[in-house]
$ cat entry_16.cif   # mmCIF, C-alpha atoms
data_protein
loop_
_atom_site.group_PDB
_atom_site.id
_atom_site.type_symbol
_atom_site.label_atom_id
_atom_site.label_comp_id
_atom_site.auth_asym_id
_atom_site.auth_seq_id
_atom_site.Cartn_x
_atom_site.Cartn_y
_atom_site.Cartn_z
ATOM 1 C CA MET B 14 39.192 9.524 5.753
ATOM 2 C CA ASN B 15 38.017 13.148 5.899
ATOM 3 C CA GLN B 16 34.650 14.276 7.242
ATOM 4 C CA SER B 17 33.132 14.516 3.768
ATOM 5 C CA ASP B 18 34.116 10.936 2.901
ATOM 6 C CA TRP B 19 32.877 9.696 6.267
ATOM 7 C CA LYS B 20 29.512 11.405 5.806
ATOM 8 C CA ARG B 21 29.255 9.969 2.287
ATOM 9 C CA MET B 22 29.921 6.468 3.638
ATOM 10 C CA LEU B 23 27.202 6.898 6.263
ATOM 11 C CA ALA B 24 24.861 8.215 3.607
ATOM 12 C CA ALA B 25 25.550 5.239 1.362
ATOM 13 C CA GLY B 26 24.610 2.871 4.176
ATOM 14 C CA ALA B 27 21.507 4.848 5.087
ATOM 15 C CA VAL B 28 20.388 5.141 1.487
ATOM 16 C CA TRP B 29 20.862 1.402 1.011
ATOM 17 C CA ALA B 30 18.667 0.727 4.062
ATOM 18 C CA ALA B 31 16.089 3.378 3.263
ATOM 19 C CA VAL B 32 15.962 3.157 -0.507
ATOM 20 C CA ASN B 33 16.996 -0.377 -1.440
ATOM 21 C CA GLY B 34 15.324 -1.802 1.642
ATOM 22 C CA ALA B 35 12.114 0.159 1.707
ATOM 23 C CA ILE B 36 11.500 2.271 -1.367
ATOM 24 C CA ILE B 37 12.788 0.350 -4.364
ATOM 25 C CA PRO B 38 10.989 -2.927 -3.608
ATOM 26 C CA CYS B 39 7.845 -1.037 -2.631
ATOM 27 C CA GLY B 40 6.556 0.977 -5.503
ATOM 28 C CA THR B 41 4.291 2.820 -3.120
ATOM 29 C CA ALA B 42 7.031 3.180 -0.463
ATOM 30 C CA ALA B 43 4.467 2.790 2.315
ATOM 31 C CA GLU B 44 1.377 0.624 2.471
ATOM 32 C CA GLY B 45 -1.663 1.399 4.580
ATOM 33 C CA GLY B 46 -5.165 0.348 5.504
ATOM 34 C CA ALA B 47 -5.911 -2.298 8.100
ATOM 35 C CA ARG B 48 -7.968 -4.471 5.741
ATOM 36 C CA PRO B 49 -5.295 -4.772 2.990
ATOM 37 C CA LEU B 50 -2.531 -5.248 5.567
ATOM 38 C CA ALA B 51 -4.485 -8.000 7.335
ATOM 39 C CA LEU B 52 -4.742 -9.746 3.958
ATOM 40 C CA GLY B 53 -0.951 -9.828 3.695
ATOM 41 C CA GLY B 54 -0.905 -6.964 1.212
ATOM 42 C CA ALA B 55 -2.611 -9.141 -1.431
ATOM 43 C CA TYR B 56 -5.074 -6.507 -2.638
ATOM 44 C CA VAL B 57 -4.513 -5.874 -6.352
ATOM 45 C CA GLY B 58 -7.317 -8.237 -7.415
ATOM 46 C CA VAL B 59 -9.674 -7.109 -4.630
ATOM 47 C CA ALA B 60 -9.607 -3.293 -4.826
ATOM 48 C CA GLU B 61 -13.326 -2.937 -4.158
ATOM 49 C CA ASP B 62 -13.328 -0.075 -1.656
ATOM 50 C CA VAL B 63 -11.619 3.227 -0.875
ATOM 51 C CA HIS B 64 -8.245 1.494 -0.333
ATOM 52 C CA ALA B 65 -8.120 0.978 -4.098
ATOM 53 C CA VAL B 66 -7.080 4.642 -4.365
ATOM 54 C CA THR B 67 -3.531 3.492 -3.560
ATOM 55 C CA TRP B 68 -3.574 -0.302 -4.020
ATOM 56 C CA ASN B 69 -5.121 -0.412 -7.515
ATOM 57 C CA PRO B 70 -6.653 2.825 -8.847
ATOM 58 C CA ALA B 71 -8.813 0.897 -11.317
ATOM 59 C CA GLY B 72 -10.863 -0.441 -8.411
ATOM 60 C CA ILE B 73 -12.366 2.897 -7.419
ATOM 61 C CA ALA B 74 -14.249 2.976 -10.744
ATOM 62 C CA VAL B 75 -16.866 0.601 -9.296
ATOM 63 C CA LEU B 76 -17.666 2.824 -6.299
ATOM 64 C CA GLU B 77 -21.064 4.530 -6.336
ATOM 65 C CA ASN B 78 -20.730 6.326 -2.988
ATOM 66 C CA THR B 79 -18.228 8.652 -1.415
ATOM 67 C CA GLU B 80 -15.841 6.707 0.819
ATOM 68 C CA LEU B 81 -13.073 7.874 3.109
ATOM 69 C CA THR B 82 -10.679 6.148 5.473
ATOM 70 C CA TYR B 83 -7.927 6.824 7.986
ATOM 71 C CA SER B 84 -5.586 4.276 9.535
ATOM 72 C CA GLY B 85 -2.502 4.432 11.667
ATOM 73 C CA THR B 86 -0.041 2.243 13.500
ATOM 74 C CA LEU B 87 -0.674 2.143 17.248
ATOM 75 C CA THR B 88 2.808 1.420 18.626
ATOM 76 C CA LYS B 89 6.481 2.075 17.844
ATOM 77 C CA ARG B 90 5.743 4.648 15.160
ATOM 78 C CA GLU B 91 9.339 5.866 15.210
ATOM 79 C CA GLN B 92 10.751 2.453 14.289
ATOM 80 C CA PRO B 93 11.185 1.658 10.596
ATOM 81 C CA VAL B 94 9.868 -1.591 9.211
ATOM 82 C CA LEU B 95 12.733 -2.195 6.806
ATOM 83 C CA ASN B 96 12.116 -3.694 3.365
ATOM 84 C CA ASP B 97 8.453 -2.665 3.440
ATOM 85 C CA PHE B 98 7.338 0.395 5.351
ATOM 86 C CA VAL B 99 3.928 0.151 6.934
ATOM 87 C CA SER B 100 2.568 3.672 6.883
ATOM 88 C CA ASP B 101 2.422 5.504 10.212
ATOM 89 C CA ASP B 102 -0.613 7.399 8.920
ATOM 90 C CA TYR B 103 -2.740 6.595 5.886
ATOM 91 C CA ALA B 104 -5.702 8.625 4.611
ATOM 92 C CA ALA B 105 -7.708 8.269 1.414
ATOM 93 C CA VAL B 106 -10.976 9.496 -0.042
ATOM 94 C CA ALA B 107 -12.842 8.423 -3.184
ATOM 95 C CA HIS B 108 -15.687 10.414 -4.739
ATOM 96 C CA PRO B 109 -17.833 9.611 -7.816
ATOM 97 C CA LEU B 110 -17.923 12.229 -10.572
ATOM 98 C CA TYR B 111 -21.287 12.816 -12.228
ATOM 99 C CA PHE B 112 -22.100 15.033 -15.168
ATOM 100 C CA GLY B 113 -25.819 15.574 -15.425
ATOM 101 C CA ASP B 114 -28.053 12.674 -14.333
ATOM 102 C CA ARG B 115 -26.925 11.247 -10.965
ATOM 103 C CA ARG B 116 -29.258 8.263 -11.251
ATOM 104 C CA GLY B 117 -26.922 6.362 -13.528
ATOM 105 C CA GLU B 118 -23.324 5.236 -13.109
ATOM 106 C CA PRO B 119 -20.737 7.926 -12.418
ATOM 107 C CA TRP B 120 -18.614 9.145 -15.321
ATOM 108 C CA ALA B 121 -15.509 8.301 -13.289
ATOM 109 C CA VAL B 122 -14.335 8.181 -9.683
ATOM 110 C CA MET B 123 -11.547 10.351 -8.301
ATOM 111 C CA GLY B 124 -9.442 9.780 -5.213
ATOM 112 C CA LEU B 125 -6.937 11.616 -3.031
ATOM 113 C CA PHE B 126 -4.483 10.009 -0.622
ATOM 114 C CA PHE B 127 -1.682 10.679 1.851
ATOM 115 C CA LEU B 128 0.805 8.373 3.587
ATOM 116 C CA ASN B 129 3.775 9.017 5.800
ATOM 117 C CA SER B 130 6.493 6.955 7.440
ATOM 118 C CA ARG B 131 9.397 7.875 9.665
ATOM 119 C CA GLY B 132 12.120 5.660 11.032
ATOM 120 C CA GLU B 133 15.254 6.071 13.106
ATOM 121 C CA THR B 134 18.240 3.793 12.552
ATOM 122 C CA PRO B 135 21.109 5.575 14.336
ATOM 123 C CA PRO B 136 22.940 7.549 13.131
ATOM 124 C CA SER B 137 20.302 8.190 10.448
ATOM 125 C CA GLU B 138 16.633 9.103 10.297
ATOM 126 C CA VAL B 139 14.452 8.561 7.235
ATOM 127 C CA GLN B 140 11.161 10.265 6.426
ATOM 128 C CA VAL B 141 8.860 9.305 3.561
ATOM 129 C CA TYR B 142 5.836 11.422 2.657
ATOM 130 C CA GLN B 143 3.527 10.421 -0.153
ATOM 131 C CA ALA B 144 0.483 12.181 -1.592
ATOM 132 C CA GLY B 145 -1.382 11.846 -4.824
ATOM 133 C CA PHE B 146 -4.436 11.812 -7.031
ATOM 134 C CA SER B 147 -6.163 8.795 -8.555
ATOM 135 C CA LEU B 148 -8.777 8.463 -11.262
ATOM 136 C CA GLY B 149 -10.672 5.284 -12.115
ATOM 137 C CA LYS B 150 -13.104 4.707 -14.953
ATOM 138 C CA LYS B 151 -15.037 1.779 -16.381
ATOM 139 C CA ILE B 152 -13.939 0.982 -19.924
ATOM 140 C CA ALA B 153 -16.345 -1.953 -20.353
ATOM 141 C CA GLU B 154 -19.183 -3.488 -18.380
ATOM 142 C CA ASN B 155 -16.854 -5.509 -16.165
ATOM 143 C CA ILE B 156 -13.433 -3.914 -16.836
ATOM 144 C CA SER B 157 -12.054 -0.742 -15.305
ATOM 145 C CA ALA B 158 -8.809 1.193 -15.632
ATOM 146 C CA GLY B 159 -7.121 3.691 -13.359
ATOM 147 C CA ILE B 160 -4.131 5.953 -12.921
ATOM 148 C CA SER B 161 -2.439 7.478 -9.883
ATOM 149 C CA VAL B 162 -0.116 10.463 -9.996
ATOM 150 C CA VAL B 163 2.097 10.251 -6.925
ATOM 151 C CA PHE B 164 4.272 12.882 -5.260
ATOM 152 C CA TYR B 165 7.029 11.675 -2.920
ATOM 153 C CA ARG B 166 9.200 13.587 -0.503
ATOM 154 C CA PHE B 167 12.091 11.598 0.932
ATOM 155 C CA GLY B 168 14.132 13.021 3.777
ATOM 156 C CA LEU B 169 17.405 11.725 5.200
ATOM 157 C CA ASP B 170 19.159 13.066 8.316
ATOM 158 C CA ILE B 171 22.685 11.921 9.184
ATOM 159 C CA GLN B 172 24.824 13.375 11.965
ATOM 160 C CA ASN B 173 23.170 16.823 11.895
ATOM 161 C CA ALA B 174 23.207 16.908 8.096
ATOM 162 C CA SER B 175 19.955 16.744 6.146
ATOM 163 C CA GLU B 176 18.908 16.277 2.549
ATOM 164 C CA SER B 177 15.538 15.811 0.901
ATOM 165 C CA GLU B 178 14.445 14.692 -2.529
ATOM 166 C CA ASP B 179 11.104 15.246 -4.261
ATOM 167 C CA VAL B 180 9.943 13.033 -7.104
ATOM 168 C CA ILE B 181 6.751 12.522 -9.076
ATOM 169 C CA THR B 182 5.769 9.271 -10.717
ATOM 170 C CA ALA B 183 2.650 7.458 -11.908
ATOM 171 C CA ASN B 184 0.966 4.086 -11.386
ATOM 172 C CA LEU B 185 -1.447 2.352 -13.770
ATOM 173 C CA GLY B 186 -4.041 -0.272 -12.916
ATOM 174 C CA LEU B 187 -6.600 -2.596 -14.488
ATOM 175 C CA LEU B 188 -9.350 -4.617 -12.824
ATOM 176 C CA TRP B 189 -11.504 -7.254 -14.528
ATOM 177 C CA ASP B 190 -14.511 -8.845 -12.844
ATOM 178 C CA VAL B 191 -14.313 -12.120 -14.713
ATOM 179 C CA SER B 192 -17.358 -13.654 -13.016
ATOM 180 C CA ASP B 193 -19.257 -13.666 -9.732
ATOM 181 C CA TRP B 194 -16.523 -15.821 -8.217
ATOM 182 C CA MET B 195 -13.325 -14.281 -9.618
ATOM 183 C CA SER B 196 -11.710 -10.916 -10.302
ATOM 184 C CA VAL B 197 -8.203 -10.252 -11.600
ATOM 185 C CA GLY B 198 -6.127 -7.100 -11.568
ATOM 186 C CA ILE B 199 -2.722 -5.740 -12.430
ATOM 187 C CA VAL B 200 -0.830 -2.654 -11.265
ATOM 188 C CA VAL B 201 2.291 -1.143 -12.809
ATOM 189 C CA GLU B 202 3.991 1.122 -10.275
ATOM 190 C CA ASN B 203 6.595 3.795 -10.983
ATOM 191 C CA ILE B 204 6.055 4.050 -14.717
ATOM 192 C CA THR B 205 8.697 6.789 -14.964
ATOM 193 C CA GLU B 206 11.279 5.118 -12.667
ATOM 194 C CA PRO B 207 12.378 8.414 -11.060
ATOM 195 C CA ASN B 208 15.943 8.870 -9.819
ATOM 196 C CA LEU B 209 16.905 9.590 -6.209
ATOM 197 C CA GLU B 210 20.119 11.104 -4.900
ATOM 198 C CA PHE B 211 21.247 11.686 -1.292
ATOM 199 C CA PHE B 212 24.679 13.081 -0.417
ATOM 200 C CA GLY B 213 25.943 12.060 -3.853
ATOM 201 C CA VAL B 214 24.595 8.493 -3.597
ATOM 202 C CA GLU B 215 22.323 7.752 -6.560
ATOM 203 C CA ASN B 216 19.525 5.221 -6.883
ATOM 204 C CA LYS B 217 16.081 4.975 -8.426
ATOM 205 C CA MET B 218 12.613 3.618 -7.835
ATOM 206 C CA VAL B 219 12.163 0.600 -10.064
ATOM 207 C CA ARG B 220 9.119 -0.190 -12.151
ATOM 208 C CA ASN B 221 7.083 -2.827 -10.327
ATOM 209 C CA VAL B 222 4.479 -5.030 -12.051
ATOM 210 C CA LYS B 223 1.992 -6.682 -9.677
ATOM 211 C CA PRO B 224 -0.759 -9.015 -10.943
ATOM 212 C CA GLY B 225 -3.371 -10.306 -8.530
ATOM 213 C CA VAL B 226 -6.474 -12.470 -8.329
ATOM 214 C CA ALA B 227 -9.369 -12.659 -5.874
ATOM 215 C CA LEU B 228 -11.588 -15.737 -5.623
ATOM 216 C CA TYR B 229 -15.049 -15.906 -4.064
ATOM 217 C CA PRO B 230 -15.886 -19.620 -3.868
ATOM 218 C CA VAL B 231 -18.883 -18.969 -1.595
ATOM 219 C CA ASP B 232 -20.735 -15.804 -0.634
ATOM 220 C CA ASN B 233 -18.929 -15.160 2.651
ATOM 221 C CA LEU B 234 -15.385 -16.224 1.700
ATOM 222 C CA MET B 235 -12.653 -14.463 -0.272
ATOM 223 C CA ILE B 236 -9.186 -15.822 -1.120
ATOM 224 C CA THR B 237 -6.680 -13.475 -2.694
ATOM 225 C CA CYS B 238 -3.149 -13.731 -4.091
ATOM 226 C CA ASP B 239 -0.687 -11.233 -5.608
ATOM 227 C CA ILE B 240 2.667 -11.683 -7.337
ATOM 228 C CA TYR B 241 5.048 -8.917 -6.353
ATOM 229 C CA ASP B 242 7.565 -7.711 -8.969
ATOM 230 C CA ALA B 243 6.335 -10.227 -11.520
ATOM 231 C CA LEU B 244 8.921 -9.198 -14.150
ATOM 232 C CA GLY B 245 11.922 -9.420 -11.828
ATOM 233 C CA ALA B 246 12.956 -5.750 -11.827
ATOM 234 C CA THR B 247 14.532 -6.138 -8.366
ATOM 235 C CA LYS B 248 16.348 -9.379 -9.164
ATOM 236 C CA ASP B 249 19.776 -7.793 -9.527
ATOM 237 C CA LYS B 250 19.203 -5.185 -6.811
ATOM 238 C CA SER B 251 20.479 -5.338 -3.255
ATOM 239 C CA ALA B 252 17.014 -6.435 -2.114
ATOM 240 C CA ASP B 253 15.513 -9.115 -4.364
ATOM 241 C CA PHE B 254 11.709 -9.289 -4.269
ATOM 242 C CA SER B 255 11.202 -10.755 -7.727
ATOM 243 C CA GLN B 256 8.214 -13.054 -8.298
ATOM 244 C CA ASP B 257 7.314 -12.939 -4.617
ATOM 245 C CA ILE B 258 3.953 -14.104 -3.294
ATOM 246 C CA ARG B 259 1.374 -12.461 -1.043
ATOM 247 C CA VAL B 260 -1.774 -14.301 0.019
ATOM 248 C CA GLY B 261 -4.828 -13.473 2.095
ATOM 249 C CA CYS B 262 -8.205 -14.804 3.192
ATOM 250 C CA GLU B 263 -11.343 -13.080 4.461
ATOM 251 C CA TYR B 264 -14.340 -14.877 5.975
ATOM 252 C CA TYR B 265 -17.562 -13.245 7.163
ATOM 253 C CA LEU B 266 -18.817 -14.886 10.346
ATOM 254 C CA ALA B 267 -21.868 -12.640 10.147
ATOM 255 C CA LYS B 268 -23.027 -9.804 7.925
ATOM 256 C CA PHE B 269 -21.250 -7.276 10.144
ATOM 257 C CA LEU B 270 -18.180 -9.265 11.261
ATOM 258 C CA ALA B 271 -15.225 -10.497 9.185
ATOM 259 C CA VAL B 272 -12.039 -12.311 10.168
ATOM 260 C CA ARG B 273 -8.894 -12.096 8.063
ATOM 261 C CA GLY B 274 -5.464 -13.638 7.709
ATOM 262 C CA GLY B 275 -2.546 -13.436 5.341
ATOM 263 C CA ALA B 276 1.142 -13.865 4.561
ATOM 264 C CA HIS B 277 3.341 -11.168 3.031
ATOM 265 C CA HIS B 278 6.306 -11.916 0.725
ATOM 266 C CA LEU B 279 5.823 -15.544 1.672
ATOM 267 C CA PHE B 280 8.898 -16.999 -0.069
ATOM 268 C CA SER B 281 11.132 -13.929 -0.003
ATOM 269 C CA ALA B 282 14.893 -14.329 0.202
ATOM 270 C CA VAL B 283 14.870 -11.131 2.283
ATOM 271 C CA ASP B 284 13.762 -12.660 5.573
ATOM 272 C CA GLN B 285 13.006 -9.306 7.198
ATOM 273 C CA SER B 286 10.225 -8.646 4.687
ATOM 274 C CA VAL B 287 8.149 -11.716 5.612
ATOM 275 C CA TYR B 288 5.204 -11.107 7.917
ATOM 276 C CA TYR B 289 2.096 -13.019 8.890
ATOM 277 C CA SER B 290 -1.121 -11.140 9.519
ATOM 278 C CA ALA B 291 -4.496 -11.464 11.161
ATOM 279 C CA GLY B 292 -7.365 -9.067 11.606
ATOM 280 C CA ILE B 293 -11.037 -8.401 12.114
ATOM 281 C CA GLY B 294 -13.535 -6.067 10.495
ATOM 282 C CA LEU B 295 -16.761 -4.612 11.868
ATOM 283 C CA GLN B 296 -19.363 -2.721 9.894
ATOM 284 C CA ARG B 297 -22.583 -0.944 10.765
ATOM 285 C CA ALA B 298 -25.169 0.523 8.415
ATOM 286 C CA GLU B 299 -25.888 3.471 10.687
ATOM 287 C CA PHE B 300 -23.668 6.135 12.220
ATOM 288 C CA PHE B 301 -25.192 8.023 15.155
ATOM 289 C CA ARG B 302 -28.593 7.362 13.552
ATOM 290 C CA MET B 303 -27.543 9.323 10.456
ATOM 291 C CA TYR B 304 -28.627 6.725 7.893
ATOM 292 C CA PRO B 305 -27.427 5.893 5.250
ATOM 293 C CA ILE B 306 -23.873 6.449 6.504
ATOM 294 C CA THR B 307 -22.037 3.154 6.935
ATOM 295 C CA TYR B 308 -18.890 2.895 9.013
ATOM 296 C CA TYR B 309 -16.207 0.232 9.126
ATOM 297 C CA LEU B 310 -13.733 -0.452 11.915
ATOM 298 C CA ASP B 311 -10.808 -2.666 10.907
ATOM 299 C CA TYR B 312 -7.875 -3.979 12.902
ATOM 300 C CA ALA B 313 -4.712 -5.683 11.640
ATOM 301 C CA PHE B 314 -1.998 -7.490 13.584
ATOM 302 C CA LEU B 315 1.321 -8.056 11.787
ATOM 303 C CA TYR B 316 4.079 -10.370 12.997
ATOM 304 C CA TRP B 317 7.613 -10.329 11.562
ATOM 305 C CA PRO B 318 9.338 -13.578 12.607
ATOM 306 C CA ASP B 319 12.721 -12.222 11.412
ATOM 307 C CA ALA B 320 12.415 -8.556 12.303
ATOM 308 C CA ALA B 321 15.542 -6.449 11.923
ATOM 309 C CA ALA B 322 17.589 -6.068 15.084
ATOM 310 C CA GLY B 323 16.249 -3.278 17.264
ATOM 311 C CA THR B 324 12.853 -3.110 15.581
ATOM 312 C CA GLU B 325 9.497 -4.351 16.768
ATOM 313 C CA GLU B 326 8.392 -7.863 15.796
ATOM 314 C CA THR B 327 4.708 -6.897 15.892
ATOM 315 C CA VAL B 328 2.697 -4.014 14.483
ATOM 316 C CA HIS B 329 -0.884 -3.101 15.356
ATOM 317 C CA ASN B 330 -2.891 -1.097 12.838
ATOM 318 C CA LEU B 331 -6.362 0.372 13.267
ATOM 319 C CA SER B 332 -8.546 1.810 10.505
ATOM 320 C CA LEU B 333 -11.837 3.718 10.470
ATOM 321 C CA SER B 334 -13.754 4.114 7.209
ATOM 322 C CA PHE B 335 -17.038 5.718 6.174
ATOM 323 C CA LYS B 336 -19.302 5.307 3.168
ATOM 324 C CA PHE B 337 -22.141 7.749 2.463
#
$ encode --input "entry_16.cif" --output "structure tokens"
Amino acid sequence: MNQSDWKRMLAAGAVWAAVNGAIIPCGTAAEGGARPLALGGAYVGVAEDVHAVTWNPAGIAVLENTELTYSGTLTKREQPVLNDFVSDDYAAVAHPLYFGDRRGEPWAVMGLFFLNSRGETPPSEVQVYQAGFSLGKKIAENISAGISVVFYRFGLDIQNASESEDVITANLGLLWDVSDWMSVGIVVENITEPNLEFFGVENKMVRNVKPGVALYPVDNLMITCDIYDALGATKDKSADFSQDIRVGCEYYLAKFLAVRGGAHHLFSAVDQSVYYSAGIGLQRAEFFRMYPITYYLDYAFLYWPDAAAGTEETVHNLSLSFKF
């Protein structure tokens, strides 16, 4: 085997781990925000805050204030979480767009976002950078639609050789507030199914359809559930995430304090993708006496019972958000 063939073999293995394991099943390649992560990633039917910019762009249409957030993992940032990257850094902002009278509802709401992940699995290193623009708009009194245009840069380093690939794709979302106690949503990720190629190894990001529902049986309780890859696009791939389930629960102990829990890819055949989550959320209606700024501090703890060899079984994520 010559050096070129050897490098190609290494690349094939790295691309399988990085692309089939992390990118193809995850339409967004990396997922961020302590609140959504603490809910097991079941956020399509919730999407009621700035995190909707990436989780379901239709959700930002209901926002009437500017919101921004930053979150990051606190430990082992260099270790990949195979089969579902948790973003090392996640930032998003949503801003209402008004034309004329600002006393009514905004014409639409725009959002910007950035995520990045980096992981080392010797002899390879994978980097994933993601940035994009979202727009959400109400199309009826209780129905909103949204679109995200997403730019990806994937980097792969193997034995002092490097390649990168840039792709652009789009995600579509809908959110319907059925009643005071239920909302339903759906997201279609990677509409264009862009192709990826590293060192001659070809693959693509599959189209991922994710429906979700959020239930509010009482004022201080939310139960949420998503179906990942509802149409089975990954069924014949090396990592099968078809018709997989994510669930979450949020309970407010007081007006300013919430506790959360969830399960991610609960029945997945890919054991490394299953995690259980817990978290808390704090909110205050003042920020250094600069009313009416509201700030939110969220924490998520993720536990992978079958973490890949050499990677951390736990991840801690902290998020700070503002609304003004």
$ closest_residue --input "entry_16.cif" --among "B:Pro70, B:Gly124, B:Gly85, B:Pro207" --to "Gly46 (chain B)" --atoms "only C-alpha atoms"
B:Gly85
$ closest_residue --input "entry_16.cif" --among "B:Asp101, B:Asp190, B:Glu178, B:Glu80" --to "His329 (chain B)" --atoms "all atoms listed in the file"
B:Asp101
$ residues_around --input "entry_16.cif" --residues "Glu138 (chain B)" --least-positions-apart "5" --cutoff "7 Å" --atoms "all atoms listed in the file" --output "PDB file with C-alpha atoms, in the frame of the given file"
ATOM      1  CA  GLY B 132      12.120   5.660  11.032  1.00  0.00           C
ATOM      2  CA  GLU B 133      15.254   6.071  13.106  1.00  0.00           C
ATOM      3  CA  LEU B 169      17.405  11.725   5.200  1.00  0.00           C
ATOM      4  CA  ASP B 170      19.159  13.066   8.316  1.00  0.00           C
ATOM      5  CA  ILE B 171      22.685  11.921   9.184  1.00  0.00           C
TER       6      ILE B 171
END
$ resolve_selection --input "entry_16.cif" --expression "the PyMOL selection byres ((chain B and resi 236-244) around 10)" --output "PyMOL selection string"
chain B and resi 38-40+52-59+195-202+219-230+234-235+245-248+253-264+273-278
$ resolve_selection --input "entry_16.cif" --expression "the PyMOL selection byres ((chain B and resi 181) around 10)" --output "ChimeraX atom specification"
/B:143-145,162-166,179-180,182-183,203,205-208
$ atom_distance --input "entry_16.cif" --atom1 "CA of Gly186 (chain B)" --atom2 "CA of Ala60 (chain B)"
10.3 Å
$ atom_distance --input "entry_16.cif" --atom1 "CA of Ala153 (chain B)" --atom2 "CA of Pro119 (chain B)"
13.4 Å
$ resolve_selection --input "entry_16.cif" --expression "the PyMOL selection byres ((chain B and resi 296) around 9)" --output "list in words"
Lys268, Phe269, Leu270, Ala271, Gly294, Leu295, Arg297, Ala298, Thr307, Tyr308, Tyr309, Leu310 and Asp311 of chain B
$ closest_residue --input "entry_16.cif" --among "B:Phe146, B:Tyr103, B:Tyr83, B:Tyr288" --to "Asn184 (chain B)" --atoms "only C-alpha atoms"
B:Phe146
$ axis_aligned_box --input "entry_16.cif" --around "region 286-300 of chain B" --padding-each-side "8 Å" --output "AutoDock Vina command-line options"
--center_x -7.8 --center_y -3.4 --center_z 8.5 --size_x 52.1 --size_y 35.2 --size_z 23.5
$ closest_residue --input "entry_16.cif" --among "B:Asp62, B:Asp319, B:Ser137, B:Tyr265" --to "Ala282 (chain B)" --atoms "all atoms listed in the file"
B:Asp319
$ build_atoms --input "entry_16.cif" --residues "region 65-79 of chain B" --atoms "N, CA and C atoms" --output "PDB file, in the coordinates of the input"
ATOM      1  N   ALA B  65      -8.567   1.106  -2.710  1.00  0.00           N
ATOM      2  CA  ALA B  65      -8.120   0.978  -4.098  1.00  0.00           C
ATOM      3  C   ALA B  65      -7.448   2.246  -4.598  1.00  0.00           C
ATOM      4  N   VAL B  66      -7.710   3.377  -3.969  1.00  0.00           N
ATOM      5  CA  VAL B  66      -7.080   4.642  -4.365  1.00  0.00           C
ATOM      6  C   VAL B  66      -5.568   4.486  -4.448  1.00  0.00           C
ATOM      7  N   THR B  67      -4.982   3.712  -3.534  1.00  0.00           N
ATOM      8  CA  THR B  67      -3.531   3.492  -3.560  1.00  0.00           C
ATOM      9  C   THR B  67      -3.153   2.082  -4.003  1.00  0.00           C
ATOM     10  N   TRP B  68      -3.970   1.076  -3.732  1.00  0.00           N
ATOM     11  CA  TRP B  68      -3.574  -0.302  -4.020  1.00  0.00           C
ATOM     12  C   TRP B  68      -3.790  -0.692  -5.475  1.00  0.00           C
ATOM     13  N   ASN B  69      -4.857  -0.203  -6.091  1.00  0.00           N
ATOM     14  CA  ASN B  69      -5.121  -0.412  -7.515  1.00  0.00           C
ATOM     15  C   ASN B  69      -6.153   0.613  -7.944  1.00  0.00           C
ATOM     16  N   PRO B  70      -5.722   1.731  -8.554  1.00  0.00           N
ATOM     17  CA  PRO B  70      -6.653   2.825  -8.847  1.00  0.00           C
ATOM     18  C   PRO B  70      -7.814   2.430  -9.744  1.00  0.00           C
ATOM     19  N   ALA B  71      -7.696   1.335 -10.485  1.00  0.00           N
ATOM     20  CA  ALA B  71      -8.813   0.897 -11.317  1.00  0.00           C
ATOM     21  C   ALA B  71     -10.016   0.519 -10.465  1.00  0.00           C
ATOM     22  N   GLY B  72      -9.776   0.050  -9.254  1.00  0.00           N
ATOM     23  CA  GLY B  72     -10.863  -0.441  -8.411  1.00  0.00           C
ATOM     24  C   GLY B  72     -11.849   0.615  -7.981  1.00  0.00           C
ATOM     25  N   ILE B  73     -11.420   1.873  -7.887  1.00  0.00           N
ATOM     26  CA  ILE B  73     -12.366   2.897  -7.419  1.00  0.00           C
ATOM     27  C   ILE B  73     -13.453   3.172  -8.451  1.00  0.00           C
ATOM     28  N   ALA B  74     -13.254   2.732  -9.699  1.00  0.00           N
ATOM     29  CA  ALA B  74     -14.249   2.976 -10.744  1.00  0.00           C
ATOM     30  C   ALA B  74     -15.586   2.330 -10.436  1.00  0.00           C
ATOM     31  N   VAL B  75     -15.611   1.305  -9.593  1.00  0.00           N
ATOM     32  CA  VAL B  75     -16.866   0.601  -9.296  1.00  0.00           C
ATOM     33  C   VAL B  75     -17.610   1.228  -8.133  1.00  0.00           C
ATOM     34  N   LEU B  76     -17.027   2.228  -7.467  1.00  0.00           N
ATOM     35  CA  LEU B  76     -17.666   2.824  -6.299  1.00  0.00           C
ATOM     36  C   LEU B  76     -18.792   3.769  -6.719  1.00  0.00           C
ATOM     37  N   GLU B  77     -19.923   3.674  -6.043  1.00  0.00           N
ATOM     38  CA  GLU B  77     -21.064   4.530  -6.336  1.00  0.00           C
ATOM     39  C   GLU B  77     -21.347   5.510  -5.207  1.00  0.00           C
ATOM     40  N   ASN B  78     -20.570   5.432  -4.132  1.00  0.00           N
ATOM     41  CA  ASN B  78     -20.730   6.326  -2.988  1.00  0.00           C
ATOM     42  C   ASN B  78     -19.387   6.949  -2.630  1.00  0.00           C
ATOM     43  N   THR B  79     -19.450   8.065  -1.942  1.00  0.00           N
ATOM     44  CA  THR B  79     -18.228   8.652  -1.415  1.00  0.00           C
ATOM     45  C   THR B  79     -17.732   7.801  -0.250  1.00  0.00           C
TER      46      THR B  79
END
